[in-house]
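Text of work-v8.cif, listed as mmCIF, C-alpha atoms:
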data_final
#
loop_
_atom_site.label_atom_id
_atom_site.label_comp_id
_atom_site.auth_asym_id
_atom_site.auth_seq_id
_atom_site.Cartn_x
_atom_site.Cartn_y
_atom_site.Cartn_z
CA MET A 1 33.61 14.96 -27.10
CA PRO A 2 30.16 15.88 -25.74
CA THR A 3 27.28 14.58 -27.78
CA SER A 4 23.60 15.29 -28.12
CA GLN A 5 22.84 11.84 -29.52
CA PRO A 6 20.52 9.47 -27.63
CA HIS A 7 22.26 7.61 -24.83
CA SER A 8 23.45 4.06 -25.55
CA LEU A 9 24.21 1.40 -22.96
CA LEU A 10 27.64 -0.06 -22.19
CA PHE A 11 28.46 -2.74 -19.62
CA VAL A 12 31.87 -3.87 -18.36
CA ALA A 13 31.87 -7.41 -16.99
CA GLY A 14 34.64 -9.36 -15.30
CA VAL A 15 35.41 -11.48 -12.28
CA PHE A 16 36.36 -9.60 -9.09
CA ARG A 17 40.08 -8.68 -8.88
CA SER A 18 40.51 -9.16 -12.64
CA GLY A 19 41.11 -5.52 -13.58
CA THR A 20 37.52 -4.32 -13.97
CA SER A 21 38.11 -1.19 -11.85
CA MET A 22 41.20 -0.27 -13.88
CA LEU A 23 39.29 -0.74 -17.14
CA TYR A 24 36.38 1.31 -15.74
CA ALA A 25 38.68 4.20 -14.80
CA SER A 26 40.35 4.10 -18.21
CA LEU A 27 37.08 4.10 -20.17
CA ASN A 28 35.50 6.87 -18.12
CA GLN A 29 38.21 9.30 -19.14
CA HIS A 30 36.74 9.28 -22.64
CA PRO A 31 34.23 12.17 -22.97
CA ALA A 32 31.72 9.86 -24.68
CA ILE A 33 31.63 7.31 -21.81
CA ALA A 34 30.10 7.70 -18.35
CA LEU A 35 29.94 4.36 -16.57
CA MET A 36 28.69 3.93 -13.00
CA TYR A 37 30.85 2.05 -10.52
CA GLU A 38 29.23 -1.10 -9.15
CA PRO A 39 25.64 0.01 -8.54
CA GLU A 40 24.76 -3.63 -9.35
CA LEU A 41 21.41 -2.48 -10.70
CA GLN A 42 20.98 -5.49 -12.95
CA SER A 43 21.21 -8.01 -10.13
CA HIS A 44 18.93 -5.83 -7.98
CA ASP A 45 16.49 -5.24 -10.83
CA LEU A 46 15.49 -8.91 -11.06
CA PRO A 47 13.66 -8.88 -7.67
CA ARG A 48 12.07 -5.56 -8.66
CA ARG A 49 10.54 -7.09 -11.77
CA LEU A 50 9.74 -10.38 -10.04
CA PHE A 51 7.95 -8.89 -7.04
CA LEU A 52 6.90 -5.56 -8.59
CA HIS A 53 8.70 -3.94 -5.68
CA GLU A 54 8.08 -0.19 -5.74
CA ASN A 55 10.91 0.50 -3.27
CA TRP A 56 13.55 -1.35 -5.29
CA LEU A 57 15.77 1.73 -5.56
CA GLU A 58 15.87 2.27 -1.78
CA ASN A 59 16.87 -1.34 -1.18
CA ALA A 60 19.43 -1.32 -4.00
CA ASN A 61 20.97 1.87 -2.62
CA ALA A 62 21.13 0.42 0.89
CA TRP A 63 23.27 -2.40 -0.52
CA GLY A 64 26.16 -0.24 -1.74
CA LYS A 65 25.22 3.46 -1.30
CA PHE A 66 25.57 4.02 -5.04
CA LEU A 67 23.40 7.17 -5.02
CA PHE A 68 25.73 8.92 -2.61
CA ARG A 69 28.88 7.67 -4.39
CA HIS A 70 27.66 9.01 -7.74
CA GLY A 71 26.42 12.36 -6.50
CA PHE A 72 22.68 11.70 -6.78
CA PRO A 73 20.14 12.96 -4.23
CA PRO A 74 21.23 11.45 -0.90
CA TYR A 75 17.67 10.50 0.01
CA PRO A 76 16.54 7.37 -1.89
CA LYS A 77 12.87 8.32 -1.64
CA ASP A 78 13.56 11.55 -3.51
CA ALA A 79 15.59 9.69 -6.15
CA ALA A 80 12.83 7.09 -6.55
CA LYS A 81 10.53 9.83 -7.87
CA LEU A 82 13.00 10.47 -10.70
CA PHE A 83 14.20 6.95 -11.50
CA HIS A 84 11.71 4.19 -12.24
CA SER A 85 14.18 1.72 -13.76
CA PRO A 86 17.96 1.17 -14.01
CA GLU A 87 17.91 2.71 -17.49
CA ASP A 88 16.74 6.02 -15.97
CA VAL A 89 19.71 6.01 -13.57
CA TYR A 90 22.21 5.23 -16.36
CA LYS A 91 20.84 8.01 -18.59
CA ALA A 92 20.84 10.57 -15.78
CA TYR A 93 24.47 9.84 -14.92
CA ALA A 94 25.55 9.95 -18.57
CA GLY A 95 23.53 13.13 -19.10
CA ARG A 96 25.72 15.09 -16.69
CA LYS A 97 28.70 14.48 -18.94
CA GLN A 98 26.61 14.63 -22.13
CA ALA A 99 28.13 11.24 -22.89
CA LEU A 100 26.98 8.89 -25.59
CA TYR A 101 27.41 5.75 -23.48
CA GLY A 102 26.01 5.15 -20.01
CA GLY A 103 25.87 1.92 -18.04
CA GLU A 104 27.78 0.19 -15.30
CA LYS A 105 30.82 -1.84 -14.38
CA SER A 106 30.16 -4.63 -11.92
CA PRO A 107 31.72 -7.99 -10.91
CA THR A 108 28.22 -9.50 -10.81
CA LEU A 109 27.63 -8.98 -14.56
CA PRO A 110 29.52 -12.10 -15.80
CA CYS A 111 26.54 -14.18 -14.69
CA TYR A 112 23.96 -11.88 -16.32
CA LEU A 113 25.12 -11.57 -19.93
CA PRO A 114 22.07 -13.32 -21.51
CA GLN A 115 19.72 -11.19 -19.43
CA LEU A 116 21.56 -8.03 -20.51
CA VAL A 117 21.31 -8.91 -24.19
CA HIS A 118 17.65 -9.90 -23.81
CA ARG A 119 16.73 -6.61 -22.13
CA PHE A 120 19.08 -4.38 -24.14
CA PRO A 121 19.73 -5.95 -27.58
CA GLN A 122 21.68 -2.89 -28.79
CA ALA A 123 23.88 -2.60 -25.69
CA LYS A 124 27.65 -2.93 -25.94
CA ILE A 125 29.42 -5.37 -23.61
CA ILE A 126 33.14 -5.51 -22.80
CA THR A 127 34.59 -8.35 -20.74
CA ILE A 128 37.99 -8.55 -19.06
CA SER A 129 39.58 -11.79 -17.86
CA ARG A 130 42.60 -12.65 -15.74
CA GLY A 131 44.42 -15.85 -14.80
CA PRO A 132 42.60 -17.55 -11.88
CA ALA A 133 45.84 -17.99 -9.91
CA ALA A 134 46.54 -14.24 -10.10
CA VAL A 135 42.90 -13.48 -9.24
CA TYR A 136 43.02 -15.66 -6.15
CA HIS A 137 46.32 -14.20 -4.96
CA SER A 138 44.75 -10.74 -5.27
CA VAL A 139 41.69 -11.98 -3.34
CA GLN A 140 43.90 -13.28 -0.54
CA LYS A 141 45.65 -9.89 -0.27
CA ALA A 142 42.34 -8.01 -0.29
CA ALA A 143 40.87 -10.33 2.36
CA LYS A 144 43.28 -8.92 4.94
CA THR A 145 41.43 -5.59 4.96
CA ALA A 146 38.06 -6.27 3.26
CA SER A 147 35.67 -8.82 4.79
CA TRP A 148 33.84 -9.35 1.46
CA PHE A 149 36.92 -11.10 0.08
CA ALA A 150 37.38 -13.13 3.26
CA ARG A 151 34.34 -15.26 2.49
CA THR A 152 34.74 -18.97 1.93
CA ARG A 153 35.15 -20.57 -1.52
CA MET A 154 36.24 -17.40 -3.30
CA LEU A 155 38.27 -19.39 -5.82
CA GLU A 156 35.22 -21.50 -6.67
CA ARG A 157 33.12 -18.35 -7.08
CA ALA A 158 35.69 -16.85 -9.45
CA LEU A 159 36.00 -20.03 -11.53
CA HIS A 160 32.22 -20.28 -11.90
CA SER A 161 31.82 -16.63 -12.94
CA GLN A 162 34.63 -16.91 -15.49
CA GLU A 163 33.25 -20.15 -16.96
CA LYS A 164 29.70 -18.77 -17.15
CA MET A 165 30.95 -15.63 -18.90
CA LEU A 166 32.81 -17.72 -21.49
CA GLN A 167 29.96 -20.14 -22.17
CA ASP A 168 27.41 -17.32 -22.47
CA SER A 169 29.74 -15.31 -24.72
CA ILE A 170 30.00 -18.23 -27.14
CA LEU A 171 26.23 -18.67 -27.15
CA LEU A 172 25.51 -14.96 -27.68
CA GLN A 173 28.18 -14.49 -30.35
CA ASN A 174 26.82 -17.46 -32.30
CA GLN A 175 23.42 -15.74 -32.12
CA GLY A 176 24.87 -12.58 -33.68
CA HIS A 177 25.58 -10.47 -30.59
CA ARG A 178 29.15 -9.21 -30.71
CA ILE A 179 30.99 -8.82 -27.39
CA LEU A 180 34.50 -7.36 -27.04
CA HIS A 181 36.95 -9.38 -24.94
CA THR A 182 40.24 -8.35 -23.39
CA THR A 183 42.47 -9.64 -20.61
CA TYR A 184 44.26 -8.04 -17.69
CA GLU A 185 47.60 -9.10 -19.15
CA ASP A 186 46.91 -7.66 -22.61
CA PHE A 187 45.43 -4.40 -21.33
CA THR A 188 48.27 -3.64 -18.93
CA ALA A 189 50.94 -4.64 -21.50
CA ASP A 190 49.63 -2.34 -24.26
CA PRO A 191 46.78 -0.09 -23.09
CA ALA A 192 46.91 2.07 -26.23
CA SER A 193 46.30 -0.88 -28.54
CA GLU A 194 43.46 -2.24 -26.39
CA CYS A 195 41.85 1.20 -26.08
CA HIS A 196 41.99 1.56 -29.88
CA ARG A 197 40.13 -1.76 -30.19
CA ILE A 198 37.54 -0.64 -27.65
CA CYS A 199 36.94 2.68 -29.38
CA ASP A 200 36.54 0.93 -32.74
CA TYR A 201 34.03 -1.43 -31.14
CA LEU A 202 32.05 1.48 -29.67
CA GLY A 203 32.27 3.59 -32.82
CA ILE A 204 33.93 6.55 -31.14
CA PRO A 205 37.30 8.24 -31.84
CA PHE A 206 40.30 7.19 -29.78
CA ASP A 207 41.23 9.46 -26.86
CA GLU A 208 44.81 9.31 -25.60
CA HIS A 209 43.69 10.09 -22.03
CA MET A 210 42.41 6.51 -21.79
CA THR A 211 45.98 5.13 -21.73
CA THR A 212 46.69 6.56 -18.25
CA LEU A 213 44.66 7.15 -15.10
CA GLU A 214 46.11 10.56 -14.27
CA LYS A 215 42.78 12.38 -14.62
CA ALA A 216 40.48 9.49 -13.71
CA ASP A 217 37.53 10.32 -11.46
CA LEU A 218 37.74 7.80 -8.63
CA ALA A 219 35.10 9.41 -6.41
CA PRO A 220 32.53 6.58 -6.93
CA VAL A 221 35.16 3.89 -6.16
CA TYR A 222 35.15 2.41 -2.67
CA ASP A 223 37.98 3.89 -0.61
CA GLN A 224 39.57 0.58 0.37
CA PRO A 225 43.21 -0.54 0.69
CA HIS A 226 42.77 -3.16 -2.05
CA HIS A 227 42.30 -0.31 -4.55
CA ILE A 228 45.77 1.11 -3.86
CA LYS A 229 46.93 0.00 -7.31
CA LEU A 230 44.10 1.99 -8.90
CA GLN A 231 44.88 5.05 -6.77
CA SER A 232 48.47 5.02 -8.04
CA ARG A 233 47.03 6.38 -11.33
CA GLU A 234 49.04 3.93 -13.42
CA ILE A 235 47.99 1.22 -15.85
CA SER A 236 50.50 -1.50 -15.08
CA ALA A 237 50.40 -5.18 -14.18
CA SER A 238 51.07 -6.42 -10.69
CA ALA A 239 53.93 -8.86 -10.41
CA PHE A 240 52.61 -12.42 -10.40
CA VAL A 241 52.94 -14.17 -7.06
CA PRO A 242 51.61 -17.73 -6.67
CA PRO A 243 48.62 -17.82 -4.33
CA ASP A 244 48.54 -19.83 -1.12
CA LEU A 245 47.24 -23.04 -2.70
CA THR A 246 48.27 -26.68 -2.82
CA PRO A 247 50.59 -27.80 -5.64
CA GLU A 248 47.68 -29.81 -7.10
CA TRP A 249 45.57 -26.69 -7.39
CA LEU A 250 48.37 -24.65 -8.93
CA ALA A 251 49.00 -27.41 -11.46
CA ALA A 252 45.29 -27.45 -12.38
CA LEU A 253 44.87 -23.67 -12.75
CA LYS A 254 47.64 -23.16 -15.30
CA PRO A 255 46.15 -25.34 -18.11
CA HIS A 256 42.69 -24.03 -17.24
CA TRP A 257 43.87 -20.47 -17.94
CA GLN A 258 45.42 -21.62 -21.22
CA ARG A 259 42.06 -23.14 -22.15
CA THR A 260 40.41 -19.80 -21.33
CA ARG A 261 42.92 -17.86 -23.44
CA GLN A 262 42.26 -20.13 -26.41
CA CYS A 263 38.52 -19.58 -26.05
CA LEU A 264 38.99 -15.80 -25.87
CA ALA A 265 41.13 -15.92 -29.02
CA SER A 266 38.31 -17.75 -30.84
CA LEU A 267 35.79 -15.18 -29.62
CA SER A 268 38.00 -12.32 -30.86
CA SER A 269 38.56 -13.88 -34.30
CA THR A 270 36.31 -13.79 -37.36
CA GLN A 271 35.58 -17.49 -36.93
CA SER A 272 31.88 -18.35 -37.17
CA PRO A 273 30.30 -20.19 -35.57
CA ILE A 274 32.43 -20.45 -32.44
CA PRO A 275 32.91 -24.12 -31.52
CA PRO A 276 31.56 -25.18 -28.10
CA LEU A 277 33.99 -25.02 -25.22
CA GLY A 278 35.11 -28.45 -24.04
CA PRO A 279 34.62 -29.40 -20.38
CA PRO A 280 37.39 -28.43 -17.95
CA MET A 281 39.35 -31.00 -15.99
CA GLU A 282 37.50 -32.84 -13.24
CA LYS A 283 39.01 -30.85 -10.34
CA ILE A 284 38.08 -27.53 -11.95
CA GLN A 285 34.64 -28.80 -12.95
CA HIS A 286 33.91 -29.80 -9.36
CA ALA A 287 34.96 -26.34 -8.13
CA ILE A 288 32.75 -24.65 -10.75
CA GLY A 289 29.79 -26.66 -9.47
CA LYS A 290 30.39 -25.37 -5.94
CA GLY A 291 30.67 -21.83 -7.27
CA ARG A 292 27.37 -22.24 -9.14
CA PHE A 293 25.63 -23.27 -5.92
CA LEU A 294 27.04 -20.26 -4.06
CA HIS A 295 25.97 -17.92 -6.86
CA ASN A 296 22.40 -19.25 -6.83
CA ARG A 297 22.29 -18.93 -3.05
CA THR A 298 23.35 -15.29 -3.35
CA ARG A 299 20.59 -14.64 -5.89
CA TRP A 300 17.97 -15.95 -3.49
CA LYS A 301 19.44 -13.87 -0.69
CA ARG A 302 19.02 -10.76 -2.82
CA ALA A 303 15.44 -11.72 -3.64
CA ILE A 304 14.64 -12.02 0.08
CA TYR A 305 16.60 -8.84 0.73
CA HIS A 306 14.24 -6.89 -1.52
CA LEU A 307 11.20 -8.04 0.46
CA LEU A 308 12.51 -6.33 3.61
CA PRO A 309 11.79 -2.70 4.53
CA SER A 310 14.60 -0.39 3.45
CA GLU A 311 14.75 1.16 6.96
CA PHE A 312 15.50 -2.25 8.45
CA ILE A 313 18.23 -2.86 5.86
CA ARG A 314 19.94 0.46 6.59
CA ILE A 315 19.96 -0.20 10.34
CA PHE A 316 21.13 -3.77 9.82
CA ARG A 317 24.04 -2.84 7.54
CA ALA A 318 25.14 0.08 9.74
CA THR A 319 25.10 -2.21 12.77
CA LYS A 320 27.07 -4.85 10.89
CA VAL A 321 29.79 -2.33 9.97
CA LEU A 322 30.09 -1.06 13.54
CA ILE A 323 30.30 -4.55 15.02
CA ARG A 324 32.86 -5.60 12.39
CA ASN A 325 35.04 -2.59 13.19
CA ALA A 326 34.79 -3.36 16.89
CA GLN A 327 35.80 -6.97 16.28
CA SER A 328 38.84 -5.87 14.27
CA ILE A 329 39.92 -3.62 17.16
CA GLU A 330 39.28 -6.44 19.63
CA ALA A 331 41.31 -8.82 17.46
CA GLU A 332 44.38 -6.66 18.11
CA LYS A 333 43.94 -7.03 21.89
CA TYR A 334 43.42 -10.80 22.09
CA SER A 335 45.13 -13.74 20.47
CA PRO A 336 43.17 -16.10 18.15
CA ALA A 337 43.30 -18.79 20.88
CA GLU A 338 41.76 -16.41 23.45
CA ARG A 339 39.00 -15.37 21.04
CA LEU A 340 38.24 -19.01 20.23
CA ARG A 341 38.11 -19.90 23.93
CA SER A 342 35.71 -17.03 24.63
CA SER A 343 33.43 -18.04 21.71
CA LEU A 344 33.36 -21.66 22.83
CA LEU A 345 32.52 -20.77 26.43
CA SER A 346 29.76 -18.40 25.30
CA SER A 347 28.29 -21.02 22.97
CA ILE A 348 28.33 -23.72 25.68
CA PHE A 349 26.69 -21.34 28.15
CA ILE A 350 23.95 -20.42 25.66
CA LEU A 351 23.26 -24.06 24.71
CA ALA A 352 23.10 -25.00 28.40
CA SER A 353 20.51 -22.28 28.94
CA ILE A 354 18.36 -23.60 26.07
CA ALA A 355 18.65 -27.17 27.39
CA ALA A 356 17.67 -26.03 30.90
CA GLY A 357 14.67 -24.18 29.51
CA ALA A 358 13.55 -27.23 27.49
CA PHE A 359 13.93 -29.49 30.55
CA LEU A 360 11.98 -27.10 32.76
CA HIS A 361 9.30 -26.61 30.12
CA THR A 362 8.89 -30.36 29.66
CA THR A 363 8.91 -31.54 33.29
CA SER A 364 6.91 -28.74 34.89
CA HIS A 365 3.99 -28.90 32.40
CA ALA A 366 4.21 -25.10 32.06
CA GLU A 367 3.70 -24.59 35.80
CA ILE A 368 7.02 -22.76 35.96
CA SER A 369 7.72 -20.29 33.18
CA PRO A 370 10.97 -21.09 31.30
CA LEU A 371 10.69 -17.90 29.25
CA PRO A 372 13.87 -16.23 30.60
CA LEU A 373 15.88 -19.32 29.69
CA PHE A 374 14.67 -19.03 26.08
CA ILE A 375 15.06 -15.27 25.78
CA PHE A 376 18.49 -15.10 27.40
CA PRO A 377 20.33 -17.14 24.70
CA VAL A 378 19.38 -14.83 21.83
CA LEU A 379 20.20 -11.72 23.88
CA ALA A 380 23.59 -13.22 24.68
CA ALA A 381 24.09 -14.18 21.03
CA GLY A 382 23.24 -10.64 19.95
CA TRP A 383 25.73 -9.21 22.43
CA SER A 384 28.57 -11.70 21.96
CA PHE A 385 28.29 -12.86 18.34
CA GLY A 386 26.65 -11.71 15.08
CA TRP A 387 23.44 -12.00 13.13
CA LYS A 388 24.14 -15.54 11.91
CA GLN A 389 24.48 -16.83 15.47
CA ILE A 390 21.38 -14.85 16.43
CA CYS A 391 19.41 -16.72 13.75
CA LEU A 392 20.82 -20.08 14.84
CA PHE A 393 20.10 -19.68 18.55
CA SER A 394 16.68 -18.15 17.83
CA LEU A 395 15.74 -21.29 15.89
CA LEU A 396 17.07 -23.55 18.67
CA SER A 397 15.26 -21.60 21.39
CA ALA A 398 11.99 -21.48 19.43
CA SER A 399 12.21 -25.22 18.76
CA ALA A 400 12.75 -26.03 22.43
CA TRP A 401 9.99 -23.61 23.43
CA THR A 402 7.48 -25.09 20.95
CA PHE A 403 8.31 -28.79 20.81
CA GLY A 404 9.64 -29.28 24.35
CA PRO A 405 6.54 -30.06 26.42
CA LYS A 406 4.87 -33.43 26.06
CA LEU A 407 1.59 -31.61 25.58
CA THR A 408 2.77 -30.32 22.19
CA PHE A 409 2.80 -33.83 20.77
CA SER A 410 -0.77 -34.52 21.80
CA ALA A 411 -2.99 -35.62 18.94
CA GLN A 412 -5.52 -32.92 19.85
CA LEU A 413 -3.17 -30.11 18.82
CA PRO A 414 -3.41 -29.33 15.08
CA LEU A 415 -0.29 -28.91 12.98
CA HIS A 416 -1.11 -25.30 12.06
CA TRP A 417 -1.17 -24.41 15.77
CA ILE A 418 2.33 -25.83 16.23
CA ALA A 419 3.59 -24.09 13.07
CA TRP A 420 2.12 -20.73 14.12
CA ASN A 421 3.69 -20.92 17.58
CA PHE A 422 7.07 -21.89 16.15
CA LEU A 423 7.10 -19.06 13.59
CA SER A 424 5.83 -16.38 15.98
CA ARG A 425 8.29 -17.37 18.70
CA THR A 426 11.19 -17.47 16.23
CA SER A 427 10.27 -13.98 15.00
CA LEU A 428 10.06 -12.65 18.56
CA LEU A 429 13.43 -14.09 19.52
CA LEU A 430 15.04 -12.79 16.32
CA ILE A 431 13.80 -9.27 17.08
CA LEU A 432 15.18 -9.43 20.61
CA GLY A 433 18.54 -10.75 19.42
CA LEU A 434 18.90 -8.10 16.72
CA PHE A 435 17.91 -5.45 19.27
CA ALA A 436 20.77 -6.56 21.54
CA TRP A 437 23.12 -6.52 18.54
CA HIS A 438 22.07 -2.98 17.61
CA LEU A 439 22.27 -1.84 21.25
CA LYS A 440 25.88 -2.98 21.38
CA ALA A 441 26.61 -1.03 18.18
CA THR A 442 24.97 2.10 19.66
CA LEU A 443 27.11 1.85 22.80
CA LEU A 444 30.20 1.47 20.63
CA ILE A 445 29.33 4.74 18.87
CA HIS A 446 29.11 6.59 22.19
CA GLN A 447 32.35 5.01 23.36
CA ASN A 448 34.17 6.08 20.19
CA GLN A 449 32.80 9.61 20.52
CA LYS A 450 34.14 9.87 24.06
CA GLU A 451 37.53 8.60 22.99
#

I'd like the structure from this file rewritten - as structure tokens, please.
Amino acid sequence: MPTSQPHSLLFVAGVFRSGTSMLYASLNQHPAIALMYEPELQSHDLPRRLFLHENWLENANAWGKFLFRHGFPPYPKDAAKLFHSPEDVYKAYAGRKQALYGGEKSPTLPCYLPQLVHRFPQAKIITISRGPAAVYHSVQKAAKTASWFARTRMLERALHSQEKMLQDSILLQNQGHRILHTTYEDFTADPASECHRICDYLGIPFDEHMTTLEKADLAPVYDQPHHIKLQSREISASAFVPPDLTPEWLAALKPHWQRTRQCLASLSSTQSPIPPLGPPMEKIQHAIGKGRFLHNRTRWKRAIYHLLPSEFIRIFRATKVLIRNAQSIEAEKYSPAERLRSSLLSSIFILASIAAGAFLHTTSHAEISPLPLFIFPVLAAGWSFGWKQICLFSLLSASAWTFGPKLTFSAQLPLHWIAWNFLSRTSLLLILGLFAWHLKATLLIHQNQKE
């Protein structure tokens, strides 16, 4: 059903591993809908507006390669001449299909619903929820092949996102903004009924193609093993398997999901106003607080990320992927105990080098240069570990280099002199460590080519 009407915006929000990709694939089979797959433009657009960053599109593309995945010009600088805001990108993608609705599906959107409504008052929003126990079991399966899901506190992150989406939905609906809610269980049990509800909400005729994924375009979706269910082209629920959690956690998650279902039923009814959602049990509330902290930390990381040159980001992410692949191959050769022993020995050797440099720098009054003992640790960290260890050992080396000698603590030396030396030395050591890290990745490329 191609249309010549002006493009409207549609957003699909849901916690990771809650069925958002399945819902995205189903919706995109309708000729009036052309959603983008996880460009995360809303979370990247905040730094753009905050810092007036002209290269926001290059940095956003470096995060997830969304331009390439959606068939846009492969060079971000060329695309930046065409797209000056996320709305331009949405409209261009929807324009190819002559679709009425453009927008995006992203697991970051549950925490941005008020911002979406504020920026786009006429936009349509669909949320999908799933039981937290089932979500976490799916996360544990995905973590075996995808490092993003192997991060710490994933259950806390999911609980926070789900709670924030519920609380914001109540607030927005009481203000007159209607949001459509569905669940993984309801959608997989009766996709035709849920698709009818969605089409009524969007004001478009029902299309029977939405009830299967046989003709779904999965080109923009990441080609990862955890999407094997999506690639099966079926809309069906995975069998529930309890996640690897303590009995106390499992006992807490079940009533929490029932509380969520009751809230979703209120949001889907004609009840007005929606009563406020009561606080969860103490164990869940504590976990939500941890998830909130992790979410805010991620937001600041993205803000800093957008201050960096896009060329640096591309090199950094490419290096990270190469090193990660090499570590996965190495993990097959050595046991966990052997890898732990090697990491401990390397760390002890690096710390001993920093201590020796600090001792030499302090006792010799700079008569003997300890510079190699400060540079060596970050080079070794770049070769043996990753960027987090490079940052840690760079800070330790710069601290020993700056604050080690007794002369540094003399009253004649101003504080700004100490601060300048510390920052400049930290920057120098970071560059050297990252250079060693990238050099290792380059050698791995040549080694793979020979093999």

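The gap separating atom CA of Ser342 of chain A from atom CA of Met154 of chain A is 27.9 Å, in Å to one decimal.
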
Name the residues, using the chain letters and numbers of the file, that sit within 12 Å of (26.7, -12.3, -15.4) when counting only C-alpha atoms, and give them as a VMD selection string. chain A and resid 11 to 16 40 42 to 43 105 to 117 125 to 127 158 160 to 169 292 295 to 296 299

With distances taken over only C-alpha atoms, which of A:Glu104, A:Gln231, A:Glu311, A:Ala352 is nearest to Tyr24 of chain A? A:Glu104

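Close contacts of segment 63-69 of chain A, defined as residues with an atom at most 8 Å away when counting only C-alpha atoms, with chain neighbours fewer than 3 positions off set aside, comprise Tyr37, Glu38, Pro39, Asn59, Ala60, Phe72, Pro73, Pro74, Pro76, Ala219, Pro220 and Val221 of chain A.
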
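What the PyMOL selection byres ((chain A and resi 369-379) around 6) matches in the given file is Ile350, Ser353, Ile354, Gly357, His361, Ile368, Ala380, Ala381, Gly382, Ile390, Phe393, Ser394, Ser397, Gly433 and Ala436 of chain A.
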
Mind telling me what the PyMOL selection byres ((chain A and resi 134-141) around 8) catches here, as a compact mmCIF listing (two decimals) with C-alpha atoms, in the coordinates of the input?
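This went into part_11.txt:
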# COMPACT_ATOMS: atom_id res chain seq x y z
CA PHE A 16 36.36 -9.60 -9.09
CA ARG A 17 40.08 -8.68 -8.88
CA SER A 18 40.51 -9.16 -12.64
CA ARG A 130 42.60 -12.65 -15.74
CA GLY A 131 44.42 -15.85 -14.80
CA PRO A 132 42.60 -17.55 -11.88
CA ALA A 133 45.84 -17.99 -9.91
CA ALA A 142 42.34 -8.01 -0.29
CA ALA A 143 40.87 -10.33 2.36
CA LYS A 144 43.28 -8.92 4.94
CA THR A 145 41.43 -5.59 4.96
CA PHE A 149 36.92 -11.10 0.08
CA ALA A 150 37.38 -13.13 3.26
CA MET A 154 36.24 -17.40 -3.30
CA LEU A 155 38.27 -19.39 -5.82
CA ALA A 158 35.69 -16.85 -9.45
CA HIS A 226 42.77 -3.16 -2.05
CA PHE A 240 52.61 -12.42 -10.40
CA VAL A 241 52.94 -14.17 -7.06
CA PRO A 242 51.61 -17.73 -6.67
CA PRO A 243 48.62 -17.82 -4.33
CA ASP A 244 48.54 -19.83 -1.12

Output of the PyMOL selection byres ((chain A and resi 216) around 10), listed as number ranges by chain: A: 22, 24-30, 209-210, 212-215, 217-219, 230-231, 233

Would you write out those residues with C-alpha atoms, as a CSV table (one decimal), in the coordinates of the input?
chain,number,residue,atom,x,y,z
A,22,MET,CA,41.2,-0.3,-13.9
A,24,TYR,CA,36.4,1.3,-15.7
A,25,ALA,CA,38.7,4.2,-14.8
A,26,SER,CA,40.4,4.1,-18.2
A,27,LEU,CA,37.1,4.1,-20.2
A,28,ASN,CA,35.5,6.9,-18.1
A,29,GLN,CA,38.2,9.3,-19.1
A,30,HIS,CA,36.7,9.3,-22.6
A,209,HIS,CA,43.7,10.1,-22.0
A,210,MET,CA,42.4,6.5,-21.8
A,212,THR,CA,46.7,6.6,-18.2
A,213,LEU,CA,44.7,7.2,-15.1
A,214,GLU,CA,46.1,10.6,-14.3
A,215,LYS,CA,42.8,12.4,-14.6
A,217,ASP,CA,37.5,10.3,-11.5
A,218,LEU,CA,37.7,7.8,-8.6
A,219,ALA,CA,35.1,9.4,-6.4
A,230,LEU,CA,44.1,2.0,-8.9
A,231,GLN,CA,44.9,5.0,-6.8
A,233,ARG,CA,47.0,6.4,-11.3

Can you pull out every residue within 9 Å of Gly386 of chain A, counting only C-alpha atoms, but drop anything in the same chain fewer than 2 positions away, and send it as a PDB file with C-alpha atoms, in the frame of the given file?
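Dumped everything to out_36.pdb:
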ATOM      1  CA  LYS A 320      27.070  -4.850  10.890  1.00  0.00           C
ATOM      2  CA  ILE A 323      30.300  -4.550  15.020  1.00  0.00           C
ATOM      3  CA  ALA A 381      24.090 -14.180  21.030  1.00  0.00           C
ATOM      4  CA  GLY A 382      23.240 -10.640  19.950  1.00  0.00           C
ATOM      5  CA  TRP A 383      25.730  -9.210  22.430  1.00  0.00           C
ATOM      6  CA  SER A 384      28.570 -11.700  21.960  1.00  0.00           C
ATOM      7  CA  LYS A 388      24.140 -15.540  11.910  1.00  0.00           C
ATOM      8  CA  GLN A 389      24.480 -16.830  15.470  1.00  0.00           C
ATOM      9  CA  ILE A 390      21.380 -14.850  16.430  1.00  0.00           C
ATOM     10  CA  CYS A 391      19.410 -16.720  13.750  1.00  0.00           C
ATOM     11  CA  LEU A 434      18.900  -8.100  16.720  1.00  0.00           C
ATOM     12  CA  TRP A 437      23.120  -6.520  18.540  1.00  0.00           C
TER      13      TRP A 437
END

Would you mind reading off the distance between atom CA of Ile315 of chain A and atom CA of Gln224 of chain A, one decimal, in Å? 22.0 Å

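Computed from the coordinates, the atom CA of His227 of chain A to atom CA of Tyr184 of chain A distance equals 15.4 Å.
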
Using only C-alpha atoms, which protein or nucleic acid residues come within 10 Å of Pro205 of chain A? Drop anything in the same chain fewer than 4 positions from it, and give the result as a PyMOL selection string. chain A and resi 1+30+32+196+198-200

Residues near Ala34 of chain A, cut-off 8 Å, all atoms listed in the file, skip fewer than 6 positions along chain, as number ranges by chain: A: 28, 93-94, 97, 99-103

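With only C-alpha atoms as the atoms that count, the residue of A:Ile348, A:Leu267, A:Ile228, A:Ile235 with the shortest distance to Gly176 of chain A is A:Leu267.
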